file start_32.txt (compact mmCIF, C-alpha atoms)
# COMPACT_ATOMS: atom_id res chain seq x y z
CA MET A 84 -7.83 4.02 -24.11
CA SER A 85 -5.93 1.87 -26.60
CA LEU A 86 -4.46 -1.42 -25.55
CA LYS A 87 -0.71 -1.89 -25.45
CA GLU A 88 0.83 -3.80 -28.35
CA ILE A 89 3.25 -6.70 -27.99
CA ASN A 90 5.66 -8.37 -30.41
CA ILE A 91 5.14 -12.00 -31.39
CA TYR A 92 6.47 -14.31 -34.08
CA VAL A 93 4.11 -16.19 -36.35
CA ASN A 94 5.66 -18.78 -38.66
CA GLY A 95 8.99 -16.98 -38.34
CA GLU A 96 7.63 -13.50 -39.08
CA ALA A 97 7.54 -10.71 -36.50
CA LYS A 98 4.07 -9.28 -35.86
CA GLN A 99 2.47 -6.84 -33.44
CA ILE A 100 -0.83 -7.54 -31.75
CA GLN A 101 -2.75 -6.02 -28.87
CA THR A 102 -2.32 -7.50 -25.42
CA SER A 103 -4.82 -10.02 -24.01
CA GLN A 104 -5.40 -11.62 -27.39
CA SER A 105 -6.40 -15.29 -27.40
CA ILE A 106 -5.36 -17.75 -30.07
CA GLU A 107 -8.94 -17.73 -31.32
CA LYS A 108 -8.81 -13.94 -31.81
CA LEU A 109 -5.48 -14.18 -33.59
CA LEU A 110 -6.83 -16.80 -35.97
CA HIS A 111 -9.84 -14.56 -36.62
CA LEU A 112 -7.51 -11.66 -37.45
CA LEU A 113 -5.54 -13.92 -39.77
CA LYS A 114 -8.78 -15.22 -41.32
CA LEU A 115 -7.90 -18.82 -40.57
CA ASN A 116 -10.31 -21.67 -39.87
CA LYS A 117 -9.23 -23.42 -36.67
CA ASN A 118 -10.65 -26.72 -37.88
CA ASN A 119 -8.06 -26.98 -40.64
CA ILE A 120 -4.89 -26.03 -38.79
CA ALA A 121 -2.68 -26.92 -35.84
CA VAL A 122 -1.14 -24.31 -33.53
CA GLU A 123 2.13 -24.70 -31.65
CA ILE A 124 3.36 -22.04 -29.20
CA ASN A 125 6.96 -22.20 -28.02
CA ARG A 126 7.11 -25.81 -29.27
CA GLU A 127 4.01 -26.86 -27.33
CA ILE A 128 1.01 -27.99 -29.35
CA ILE A 129 -2.16 -26.24 -28.20
CA ASN A 130 -5.39 -28.22 -28.10
CA LYS A 131 -8.19 -26.72 -30.18
CA SER A 132 -10.46 -26.64 -27.14
CA ASP A 133 -8.05 -24.16 -25.50
CA TYR A 134 -7.88 -21.65 -28.37
CA HIS A 135 -10.42 -19.33 -26.74
CA SER A 136 -8.72 -19.32 -23.33
CA HIS A 137 -5.02 -19.41 -24.18
CA ILE A 138 -3.72 -15.83 -24.04
CA ILE A 139 -0.73 -14.98 -26.23
CA GLU A 140 2.27 -13.49 -24.40
CA ALA A 141 4.98 -11.12 -25.63
CA ASN A 142 7.68 -12.77 -27.77
CA ASP A 143 5.71 -16.00 -28.16
CA CYS A 144 6.91 -18.06 -31.12
CA ILE A 145 3.79 -19.36 -32.84
CA GLU A 146 3.74 -21.99 -35.55
CA ILE A 147 0.51 -22.39 -37.53
CA VAL A 148 0.48 -25.35 -39.89
CA ASN A 149 -2.01 -26.98 -42.22
CA PHE A 150 -2.29 -29.85 -44.66
CA ILE A 151 -0.74 -29.53 -48.11
CA GLY A 152 -1.29 -31.39 -51.33
CA GLY A 153 0.94 -34.08 -52.73
CA GLY A 154 0.91 -36.35 -49.70
CA ASN A 155 3.61 -34.46 -47.81
CA HIS A 156 2.93 -34.58 -44.09
CA ILE A 157 3.05 -31.33 -42.16
CA ASN A 158 5.95 -30.44 -39.91
CA LYS A 159 7.88 -33.46 -41.15
CA ASN A 160 11.28 -31.95 -41.86
CA LYS A 161 12.18 -31.26 -38.25
CA GLU A 162 15.31 -33.06 -37.17
CA SER A 163 13.80 -34.08 -33.86
CA LEU A 164 10.63 -35.82 -32.74
CA ILE A 165 8.31 -33.75 -30.55
CA ILE A 166 5.70 -35.52 -28.43
CA ALA A 167 3.50 -33.54 -26.02
CA GLY A 168 5.91 -30.60 -26.20
CA LYS A 169 9.06 -32.61 -25.41
CA GLU A 170 11.82 -33.07 -27.95
CA TYR A 171 13.53 -36.38 -28.71
CA LYS A 172 16.47 -37.05 -31.00
CA SER A 173 15.66 -40.71 -31.60
CA ARG A 174 12.62 -41.81 -33.59
CA LEU A 175 12.93 -45.39 -32.38
CA ILE A 176 10.86 -46.24 -29.29
CA MET A 177 11.59 -49.57 -27.65
CA GLY A 178 9.56 -51.98 -25.58
CA SER A 179 10.69 -53.82 -22.46
CA GLY A 180 8.99 -57.20 -22.84
CA LYS A 181 10.40 -60.56 -23.95
CA PHE A 182 14.06 -59.72 -23.27
CA LYS A 183 16.09 -62.35 -21.42
CA SER A 184 16.94 -59.84 -18.72
CA PHE A 185 16.73 -56.17 -17.83
CA LYS A 186 20.46 -55.91 -18.60
CA GLU A 187 19.93 -57.21 -22.14
CA ASN A 188 17.09 -54.70 -22.52
CA LEU A 189 19.45 -51.91 -21.40
CA GLU A 190 22.17 -52.97 -23.83
CA ALA A 191 19.66 -52.99 -26.67
CA LEU A 192 18.45 -49.53 -25.64
CA LYS A 193 22.01 -48.22 -25.71
CA LYS A 194 22.74 -49.75 -29.11
CA ALA A 195 19.49 -48.40 -30.56
CA GLU A 196 20.11 -44.99 -28.94
CA SER A 197 16.43 -44.95 -28.00
CA GLU A 198 15.20 -42.43 -25.46
CA ILE A 199 11.71 -43.80 -24.74
CA ILE A 200 10.92 -47.25 -23.36
CA THR A 201 7.46 -48.71 -22.75
CA VAL A 202 6.86 -50.36 -19.39
CA ALA A 203 3.94 -52.40 -18.08
CA ILE A 204 2.37 -52.04 -14.64
CA ARG A 205 2.27 -55.22 -12.58
CA ARG A 206 1.84 -56.14 -8.94
CA THR A 207 4.94 -55.83 -6.76
CA ASN A 208 6.37 -59.14 -5.58
CA ILE A 209 5.73 -58.63 -1.86
CA SER A 210 7.08 -62.09 -1.03
CA ASN A 211 10.47 -61.02 -2.39
CA PRO A 212 10.80 -57.24 -2.09
CA ASN A 213 14.49 -57.46 -3.03
CA GLU A 214 13.72 -58.89 -6.46
CA PRO A 215 15.34 -56.65 -9.13
CA MET A 216 13.00 -54.20 -10.81
CA ILE A 217 13.44 -52.59 -14.20
CA THR A 218 13.98 -49.19 -12.55
CA ASP A 219 17.07 -50.65 -10.83
CA ILE A 220 18.71 -51.37 -14.19
CA ILE A 221 17.21 -48.85 -16.65
CA ASN A 222 17.43 -45.39 -15.12
CA PRO A 223 14.06 -43.57 -15.39
CA ASN A 224 15.93 -40.28 -15.05
CA LYS A 225 17.91 -41.05 -18.21
CA TYR A 226 15.20 -42.73 -20.28
CA THR A 227 11.60 -41.60 -20.69
CA TYR A 228 9.39 -44.31 -19.24
CA LEU A 229 6.16 -44.78 -21.18
CA PRO A 230 3.72 -46.73 -18.96
CA ASN A 231 1.27 -48.75 -21.03
CA THR A 232 -1.96 -50.56 -20.36
CA ALA A 233 -1.03 -53.90 -21.94
CA GLY A 234 -3.46 -56.55 -20.77
CA CYS A 235 -6.39 -54.16 -20.27
CA TYR A 236 -9.65 -54.98 -22.04
CA ASN A 237 -11.86 -52.01 -21.14
CA ALA A 238 -11.58 -48.29 -20.46
CA GLU A 239 -12.07 -48.64 -16.72
CA GLU A 240 -9.11 -51.03 -16.37
CA ALA A 241 -6.86 -48.83 -18.51
CA ILE A 242 -7.70 -45.65 -16.58
CA ARG A 243 -7.07 -47.41 -13.28
CA VAL A 244 -3.67 -48.75 -14.39
CA LEU A 245 -2.47 -45.38 -15.67
CA ASN A 246 -3.50 -43.60 -12.49
CA LEU A 247 -1.46 -46.19 -10.58
CA ALA A 248 1.47 -45.50 -12.91
CA ARG A 249 1.24 -41.77 -12.28
CA GLU A 250 1.17 -42.37 -8.54
CA ALA A 251 4.14 -44.76 -8.72
CA GLY A 252 6.45 -42.69 -10.88
CA GLY A 253 4.81 -39.34 -11.56
CA TRP A 254 4.47 -40.15 -15.26
CA ASP A 255 1.78 -38.42 -17.28
CA LEU A 256 3.01 -39.35 -20.77
CA VAL A 257 1.36 -42.75 -21.26
CA LYS A 258 0.54 -45.34 -23.89
CA LEU A 259 -3.13 -46.28 -23.99
CA GLU A 260 -3.70 -49.85 -25.18
CA VAL A 261 -7.16 -51.41 -24.78
CA LEU A 262 -7.36 -54.85 -26.35
CA GLY A 263 -10.35 -56.47 -27.98
CA ASP A 264 -9.55 -60.18 -27.65
CA ASP A 265 -6.80 -62.63 -26.74
CA LYS A 266 -6.36 -64.05 -30.25
CA THR A 267 -5.64 -60.98 -32.38
CA LEU A 268 -4.77 -58.45 -29.64
CA TYR A 269 -6.46 -55.88 -31.87
CA PRO A 270 -7.46 -52.63 -30.19
CA ASN A 271 -11.00 -52.25 -28.90
CA MET A 272 -11.56 -48.84 -30.45
CA ILE A 273 -14.83 -48.10 -28.65
CA GLU A 274 -13.14 -48.50 -25.26
CA THR A 275 -9.94 -46.80 -26.47
CA ILE A 276 -11.79 -43.67 -27.56
CA LYS A 277 -13.78 -43.63 -24.32
CA ALA A 278 -10.64 -43.97 -22.19
CA SER A 279 -8.67 -41.38 -24.19
CA GLU A 280 -11.28 -38.69 -23.59
CA ILE A 281 -11.29 -39.28 -19.83
CA LEU A 282 -7.49 -39.55 -19.53
CA VAL A 283 -6.87 -36.32 -21.43
CA LYS A 284 -9.31 -34.50 -19.13
CA GLU A 285 -7.39 -35.91 -16.16
CA GLY A 286 -4.17 -34.34 -17.45
CA PHE A 287 -2.56 -37.35 -19.12
CA LYS A 288 -0.61 -36.97 -22.36
CA VAL A 289 -1.98 -39.94 -24.22
CA MET A 290 -0.25 -41.90 -26.97
CA ALA A 291 -2.99 -44.17 -28.29
CA TYR A 292 -2.54 -47.64 -29.83
CA CYS A 293 -5.23 -48.02 -32.48
CA THR A 294 -6.38 -49.77 -35.62
CA ASP A 295 -5.44 -48.40 -39.03
CA ASP A 296 -8.84 -46.75 -39.47
CA PRO A 297 -8.26 -43.08 -40.46
CA ILE A 298 -11.62 -41.91 -39.09
CA LEU A 299 -11.09 -43.45 -35.67
CA ALA A 300 -7.50 -42.19 -35.60
CA GLN A 301 -8.82 -38.68 -36.23
CA LYS A 302 -11.30 -39.10 -33.38
CA LEU A 303 -8.43 -39.90 -31.01
CA GLU A 304 -6.64 -36.73 -32.09
CA ASP A 305 -9.86 -34.74 -31.65
CA ASN A 306 -10.04 -36.13 -28.10
CA GLY A 307 -6.65 -34.53 -27.43
CA CYS A 308 -4.26 -37.47 -27.80
CA SER A 309 -0.59 -36.50 -28.10
CA ALA A 310 0.29 -39.23 -30.60
CA ILE A 311 -1.56 -41.74 -32.77
CA MET A 312 -0.10 -45.26 -32.84
CA PRO A 313 -1.73 -47.42 -35.54
CA LEU A 314 -0.70 -51.07 -35.80
CA GLY A 315 1.21 -52.21 -38.85
CA SER A 316 -0.04 -55.77 -38.26
CA PRO A 317 -0.97 -57.81 -35.17
CA ILE A 318 1.25 -57.49 -32.08
CA GLY A 319 4.25 -59.80 -32.26
CA SER A 320 3.40 -61.09 -35.75
CA GLY A 321 6.42 -59.64 -37.56
CA LEU A 322 4.34 -59.26 -40.72
CA GLY A 323 5.24 -55.61 -41.32
CA ILE A 324 2.82 -52.95 -42.54
CA GLN A 325 -0.15 -54.71 -44.14
CA ASN A 326 -2.30 -51.69 -45.04
CA LYS A 327 -0.04 -48.97 -46.39
CA LEU A 328 -2.95 -47.00 -47.87
CA ASN A 329 -4.73 -46.49 -44.56
CA ILE A 330 -1.49 -45.72 -42.73
CA LYS A 331 -0.65 -43.09 -45.35
CA ILE A 332 -4.09 -41.51 -44.97
CA ILE A 333 -3.60 -41.34 -41.19
CA ILE A 334 -0.18 -39.73 -41.68
CA ASP A 335 -1.60 -37.12 -44.05
CA ASN A 336 -4.61 -36.34 -41.84
CA CYS A 337 -3.03 -36.15 -38.38
CA SER A 338 -1.28 -33.11 -36.97
CA VAL A 339 0.16 -35.02 -34.00
CA PRO A 340 2.95 -37.60 -34.39
CA VAL A 341 1.99 -40.87 -36.08
CA ILE A 342 3.98 -43.81 -34.71
CA ILE A 343 3.73 -47.34 -36.10
CA ASP A 344 3.14 -49.67 -33.17
CA ALA A 345 3.08 -53.45 -33.52
CA GLY A 346 3.84 -55.91 -36.27
CA LEU A 347 7.25 -54.75 -37.53
CA GLY A 348 9.56 -57.75 -37.90
CA THR A 349 12.87 -56.57 -39.28
CA ALA A 350 14.87 -53.49 -40.22
CA SER A 351 13.32 -53.12 -43.68
CA ASP A 352 9.85 -52.85 -42.08
CA ALA A 353 11.03 -49.95 -39.92
CA CYS A 354 12.65 -48.31 -42.93
CA ILE A 355 9.43 -48.57 -44.96
CA ALA A 356 7.42 -47.00 -42.12
CA MET A 357 9.78 -44.04 -41.99
CA GLU A 358 9.91 -43.68 -45.79
CA MET A 359 6.10 -43.40 -45.75
CA GLY A 360 6.36 -40.39 -43.45
CA CYS A 361 5.74 -41.90 -40.01
CA ASP A 362 7.20 -39.80 -37.21
CA ALA A 363 8.59 -42.81 -35.33
CA VAL A 364 8.23 -46.55 -34.78
CA LEU A 365 7.75 -48.58 -31.59
CA ILE A 366 9.49 -51.96 -31.66
CA ASN A 367 9.67 -54.70 -29.05
CA SER A 368 9.35 -58.28 -30.33
CA ALA A 369 11.45 -57.77 -33.46
CA ILE A 370 14.41 -56.82 -31.28
CA ALA A 371 13.84 -58.93 -28.18
CA ARG A 372 13.10 -62.14 -30.14
CA ALA A 373 15.94 -61.77 -32.64
CA ARG A 374 18.78 -64.29 -32.39
CA ASN A 375 21.05 -61.34 -31.57
CA PRO A 376 18.88 -58.63 -29.96
CA ILE A 377 21.76 -56.18 -29.53
CA LEU A 378 22.75 -56.35 -33.19
CA MET A 379 19.10 -56.10 -34.27
CA ALA A 380 18.68 -53.00 -32.10
CA GLU A 381 21.52 -51.35 -33.99
CA ALA A 382 20.05 -52.46 -37.32
CA MET A 383 16.70 -50.91 -36.36
CA LYS A 384 18.40 -47.65 -35.43
CA GLN A 385 20.12 -47.46 -38.81
CA ALA A 386 16.90 -48.41 -40.64
CA VAL A 387 14.92 -45.65 -38.92
CA ILE A 388 17.59 -43.06 -39.76
CA SER A 389 17.85 -44.26 -43.35
CA GLY A 390 14.08 -44.30 -43.87
CA ARG A 391 13.74 -40.84 -42.37
CA ASN A 392 16.47 -39.44 -44.62
CA ALA A 393 14.86 -41.04 -47.66
CA TYR A 394 11.50 -39.48 -46.77
CA ILE A 395 12.99 -36.01 -46.33
CA SER A 396 15.02 -36.37 -49.54
CA GLY A 397 11.92 -37.14 -51.59
CA ARG A 398 12.06 -40.25 -53.74
CA MET A 399 12.10 -40.12 -57.53
CA GLU A 400 8.75 -40.44 -59.25
CA LYS A 401 7.68 -43.88 -60.42
CA ASN A 402 7.29 -44.58 -64.14
CA ILE A 403 5.80 -47.51 -66.01
CA ILE A 404 8.43 -47.19 -68.79
CA ALA A 405 12.19 -46.86 -68.72
CA LYS A 406 13.92 -43.47 -68.67
CA ALA A 407 17.59 -43.50 -69.55
CA SER A 408 20.02 -41.84 -67.14
CA PRO A 409 22.46 -40.41 -69.78
CA PRO A 410 21.13 -37.90 -72.33
CA THR A 411 20.05 -39.42 -75.64
CA LYS A 412 19.88 -36.20 -77.66
CA ASP A 413 22.50 -35.97 -80.43
CA PHE A 414 23.70 -39.50 -79.62

call {"tool": "encode", "arguments": {"input": "start_32.txt", "output": "structure tokens"}}
result
Amino acid sequence: MSLKEINIYVNGEAKQIQTSQSIEKLLHLLKLNKNNIAVEINREIINKSDYHSHIIEANDCIEIVNFIGGGNHINKNKESLIIAGKEYKSRLIMGSGKFKSFKENLEALKKAESEIITVAIRRTNISNPNEPMITDIINPNKYTYLPNTAGCYNAEEAIRVLNLAREAGGWDLVKLEVLGDDKTLYPNMIETIKASEILVKEGFKVMAYCTDDPILAQKLEDNGCSAIMPLGSPIGSGLGIQNKLNIKIIIDNCSVPVIIDAGLGTASDACIAMEMGCDAVLINSAIARARNPILMAEAMKQAVISGRNAYISGRMEKNIIAKASPPTKDF
């Protein structure tokens, strides 16, 4: 008895396959190596470990993407940012530290038109339960809260904090940040990789703060992280992107969003990150510590948009000699 056939869409083309087909079987039929591609079904990225168990349903819209030559990042021309299956219009993520008040933080958020804000987990002030909390001012139903593990120095601490965050607000999209020391605030990559593997298995959608090492960034993606967040330079330094080569390699190698986290100091830094092909930037100190945080938030918004448009447009090629704009033939 032959199996019933269903209609699906693969990279925009209608196809018919037999029912009860897994992604792994589809890739086999298409003669594709799963190690070199990324699969998205109905705008949800499917982890490679689930290819054998994820059954394709009728009318599924499947996107299969791979790396291409020339340094052009995959899936980069989409108008919106997609993290863990959710779509965002803004590519500027904001922090919540160092602002004079929650109200100033909210005004900056509005000016930047950001949709995601990072928040730290701290003990409740039980001696003054009426003390204002960030959730009283910045509506978690309007903005996506991204709990982070700032201040954690090992995997155990980070996992504990994020489980508390999920219990407090039901959040499973989280920023994993495991620090190595107090001086540089560089990520401890051994503990970060260890924590990411456990958190993903526990159902968290992990956005991982990391060094600019392409191999370790790839390991985080292999562990199932939803976004890779390499530092541009040390947290709060304002030095901008110090290792463009490594960041570019990470962008070209990763199939999940790459978001510059830490070190950006002004609007031109954000613009450069976007021109390189980053999917987004996360900025806190550069806005909160500006003389006019609200105006800087707007400047960052415009820089991110401008850099993104420049990346999509495709810059002219560089030359070591001059090339005249007007034609010189028959002059």

call {"tool": "atom_distance", "arguments": {"input": "start_32.txt", "atom1": "CA of Ile298 (chain A)", "atom2": "CA of Ser320 (chain A)"}}
result
24.6 Å

call {"tool": "closest_residue", "arguments": {"input": "start_32.txt", "among": "A:Leu347, A:Ile120, A:Ala380, A:Ile342", "to": "Gly321 (chain A)", "atoms": "only C-alpha atoms"}}
result
A:Leu347

call {"tool": "atom_distance", "arguments": {"input": "start_32.txt", "atom1": "CA of Leu164 (chain A)", "atom2": "CA of Ala251 (chain A)"}}
result
26.4 Å

call {"tool": "atom_distance", "arguments": {"input": "start_32.txt", "atom1": "CA of Gly319 (chain A)", "atom2": "CA of Asn375 (chain A)"}}
result
16.9 Å

call {"tool": "residues_around", "arguments": {"input": "start_32.txt", "residues": "region 87-94 of chain A", "least_positions_apart": "6", "cutoff": "10 Å", "atoms": "all atoms listed in the file", "output": "NGL selection string"}}
result
:A and (100-104 or 123-125 or 139-148)

call {"tool": "residues_around", "arguments": {"input": "start_32.txt", "residues": "Leu247 (chain A)", "least_positions_apart": "5", "cutoff": "9 Å", "atoms": "only C-alpha atoms", "output": "list of chain:residue names"}}
result
A:Ile204, A:Ile242, A:Gly252

call {"tool": "closest_atom_pairs", "arguments": {"input": "start_32.txt", "of": "region 220-334 of chain A", "to": "region 172-192 of chain A", "cutoff": "12 Å", "atoms": "all atoms listed in the file", "output": "JSON lines"}}
result
{"residue": "A:Ile220", "atom": "CA", "partner": "A:Phe185", "partner_atom": "CA", "distance": 6.3}
{"residue": "A:Ile221", "atom": "CA", "partner": "A:Leu189", "partner_atom": "CA", "distance": 6.1}
{"residue": "A:Asn222", "atom": "CA", "partner": "A:Leu189", "partner_atom": "CA", "distance": 9.3}
{"residue": "A:Pro223", "atom": "CA", "partner": "A:Leu189", "partner_atom": "CA", "distance": 11.6}
{"residue": "A:Lys225", "atom": "CA", "partner": "A:Leu192", "partner_atom": "CA", "distance": 11.3}
{"residue": "A:Tyr226", "atom": "CA", "partner": "A:Leu192", "partner_atom": "CA", "distance": 9.2}
{"residue": "A:Thr227", "atom": "CA", "partner": "A:Ile176", "partner_atom": "CA", "distance": 9.8}
{"residue": "A:Tyr228", "atom": "CA", "partner": "A:Gly178", "partner_atom": "CA", "distance": 10.0}
{"residue": "A:Leu229", "atom": "CA", "partner": "A:Gly178", "partner_atom": "CA", "distance": 9.1}
{"residue": "A:Pro230", "atom": "CA", "partner": "A:Gly178", "partner_atom": "CA", "distance": 10.3}
{"residue": "A:Asn231", "atom": "CA", "partner": "A:Gly178", "partner_atom": "CA", "distance": 10.0}
{"residue": "A:Ala233", "atom": "CA", "partner": "A:Gly180", "partner_atom": "CA", "distance": 10.6}
{"residue": "A:Lys258", "atom": "CA", "partner": "A:Gly178", "partner_atom": "CA", "distance": 11.3}
{"residue": "A:Met312", "atom": "CA", "partner": "A:Ile176", "partner_atom": "CA", "distance": 11.6}
{"residue": "A:Ile318", "atom": "CA", "partner": "A:Gly178", "partner_atom": "CA", "distance": 11.9}
{"residue": "A:Gly319", "atom": "CA", "partner": "A:Lys181", "partner_atom": "CA", "distance": 10.4}

call {"tool": "closest_residue", "arguments": {"input": "start_32.txt", "among": "A:Asn130, A:Ser396, A:Gln385, A:Asn329", "to": "Ile343 (chain A)", "atoms": "all atoms listed in the file"}}
result
A:Asn329

call {"tool": "closest_residue", "arguments": {"input": "start_32.txt", "among": "A:Lys288, A:Lys266, A:His135, A:His111", "to": "Val339 (chain A)", "atoms": "all atoms listed in the file"}}
result
A:Lys288

call {"tool": "closest_residue", "arguments": {"input": "start_32.txt", "among": "A:Glu96, A:Glu381, A:Asp133, A:Glu400", "to": "Lys117 (chain A)", "atoms": "only C-alpha atoms"}}
result
A:Asp133

call {"tool": "closest_residue", "arguments": {"input": "start_32.txt", "among": "A:Ile138, A:Asn119, A:Ala371, A:Gly348", "to": "Glu107 (chain A)", "atoms": "all atoms listed in the file"}}
result
A:Ile138

call {"tool": "residues_near_point", "arguments": {"input": "start_32.txt", "point": "(12.8, -40.1, -45.6)", "cutoff": "12 Å", "atoms": "all atoms listed in the file", "output": "CSV table (one decimal) with C-alpha atoms, in the frame of the given file"}}
result
chain,number,residue,atom,x,y,z
A,155,ASN,CA,3.6,-34.5,-47.8
A,156,HIS,CA,2.9,-34.6,-44.1
A,159,LYS,CA,7.9,-33.5,-41.2
A,160,ASN,CA,11.3,-32.0,-41.9
A,161,LYS,CA,12.2,-31.3,-38.2
A,162,GLU,CA,15.3,-33.1,-37.2
A,353,ALA,CA,11.0,-50.0,-39.9
A,354,CYS,CA,12.6,-48.3,-42.9
A,355,ILE,CA,9.4,-48.6,-45.0
A,356,ALA,CA,7.4,-47.0,-42.1
A,357,MET,CA,9.8,-44.0,-42.0
A,358,GLU,CA,9.9,-43.7,-45.8
A,359,MET,CA,6.1,-43.4,-45.8
A,360,GLY,CA,6.4,-40.4,-43.4
A,361,CYS,CA,5.7,-41.9,-40.0
A,362,ASP,CA,7.2,-39.8,-37.2
A,363,ALA,CA,8.6,-42.8,-35.3
A,386,ALA,CA,16.9,-48.4,-40.6
A,387,VAL,CA,14.9,-45.6,-38.9
A,388,ILE,CA,17.6,-43.1,-39.8
A,389,SER,CA,17.8,-44.3,-43.4
A,390,GLY,CA,14.1,-44.3,-43.9
A,391,ARG,CA,13.7,-40.8,-42.4
A,392,ASN,CA,16.5,-39.4,-44.6
A,393,ALA,CA,14.9,-41.0,-47.7
A,394,TYR,CA,11.5,-39.5,-46.8
A,395,ILE,CA,13.0,-36.0,-46.3
A,396,SER,CA,15.0,-36.4,-49.5
A,397,GLY,CA,11.9,-37.1,-51.6
A,398,ARG,CA,12.1,-40.2,-53.7
A,399,MET,CA,12.1,-40.1,-57.5

call {"tool": "decode", "arguments": {"input": "start_32.txt", "residues": "region 263-275 of chain A", "atoms": "N, CA, C and O atoms", "output": "compact mmCIF listing (two decimals), in the first residue's frame"}}
result
# COMPACT_ATOMS: atom_id res chain seq x y z
N GLY A 263 35.14 35.76 33.12
CA GLY A 263 36.39 35.11 33.51
C GLY A 263 37.10 35.79 34.65
O GLY A 263 37.71 35.14 35.49
N ASP A 264 37.06 37.15 34.69
CA ASP A 264 37.71 37.88 35.78
C ASP A 264 37.10 39.26 35.90
O ASP A 264 36.37 39.72 35.03
N ASP A 265 37.43 39.93 37.02
CA ASP A 265 36.85 41.25 37.29
C ASP A 265 37.49 42.36 36.46
O ASP A 265 36.87 43.40 36.24
N LYS A 266 38.71 42.17 36.02
CA LYS A 266 39.44 43.23 35.33
C LYS A 266 39.00 43.41 33.89
O LYS A 266 38.68 44.52 33.46
N THR A 267 38.96 42.33 33.13
CA THR A 267 38.63 42.43 31.70
C THR A 267 37.16 42.15 31.41
O THR A 267 36.64 42.56 30.38
N LEU A 268 36.50 41.42 32.31
CA LEU A 268 35.12 40.96 32.11
C LEU A 268 34.99 40.15 30.82
O LEU A 268 33.93 40.08 30.21
N TYR A 269 36.11 39.52 30.43
CA TYR A 269 36.07 38.64 29.26
C TYR A 269 35.28 37.38 29.60
O TYR A 269 35.27 36.94 30.75
N PRO A 270 34.66 36.78 28.60
CA PRO A 270 33.91 35.55 28.86
C PRO A 270 34.83 34.38 29.21
O PRO A 270 35.91 34.23 28.62
N ASN A 271 34.39 33.58 30.17
CA ASN A 271 35.05 32.30 30.45
C ASN A 271 34.41 31.29 29.50
O ASN A 271 33.31 30.80 29.75
N MET A 272 35.09 30.99 28.41
CA MET A 272 34.46 30.19 27.36
C MET A 272 34.26 28.73 27.76
O MET A 272 33.34 28.07 27.29
N ILE A 273 35.12 28.21 28.62
CA ILE A 273 34.95 26.82 29.07
C ILE A 273 33.63 26.68 29.82
O ILE A 273 32.82 25.78 29.56
N GLU A 274 33.37 27.62 30.74
CA GLU A 274 32.14 27.58 31.52
C GLU A 274 30.93 27.97 30.68
O GLU A 274 29.83 27.47 30.88
N THR A 275 31.13 28.89 29.73
CA THR A 275 30.03 29.31 28.84
C THR A 275 29.55 28.15 28.00
O THR A 275 28.33 27.91 27.87
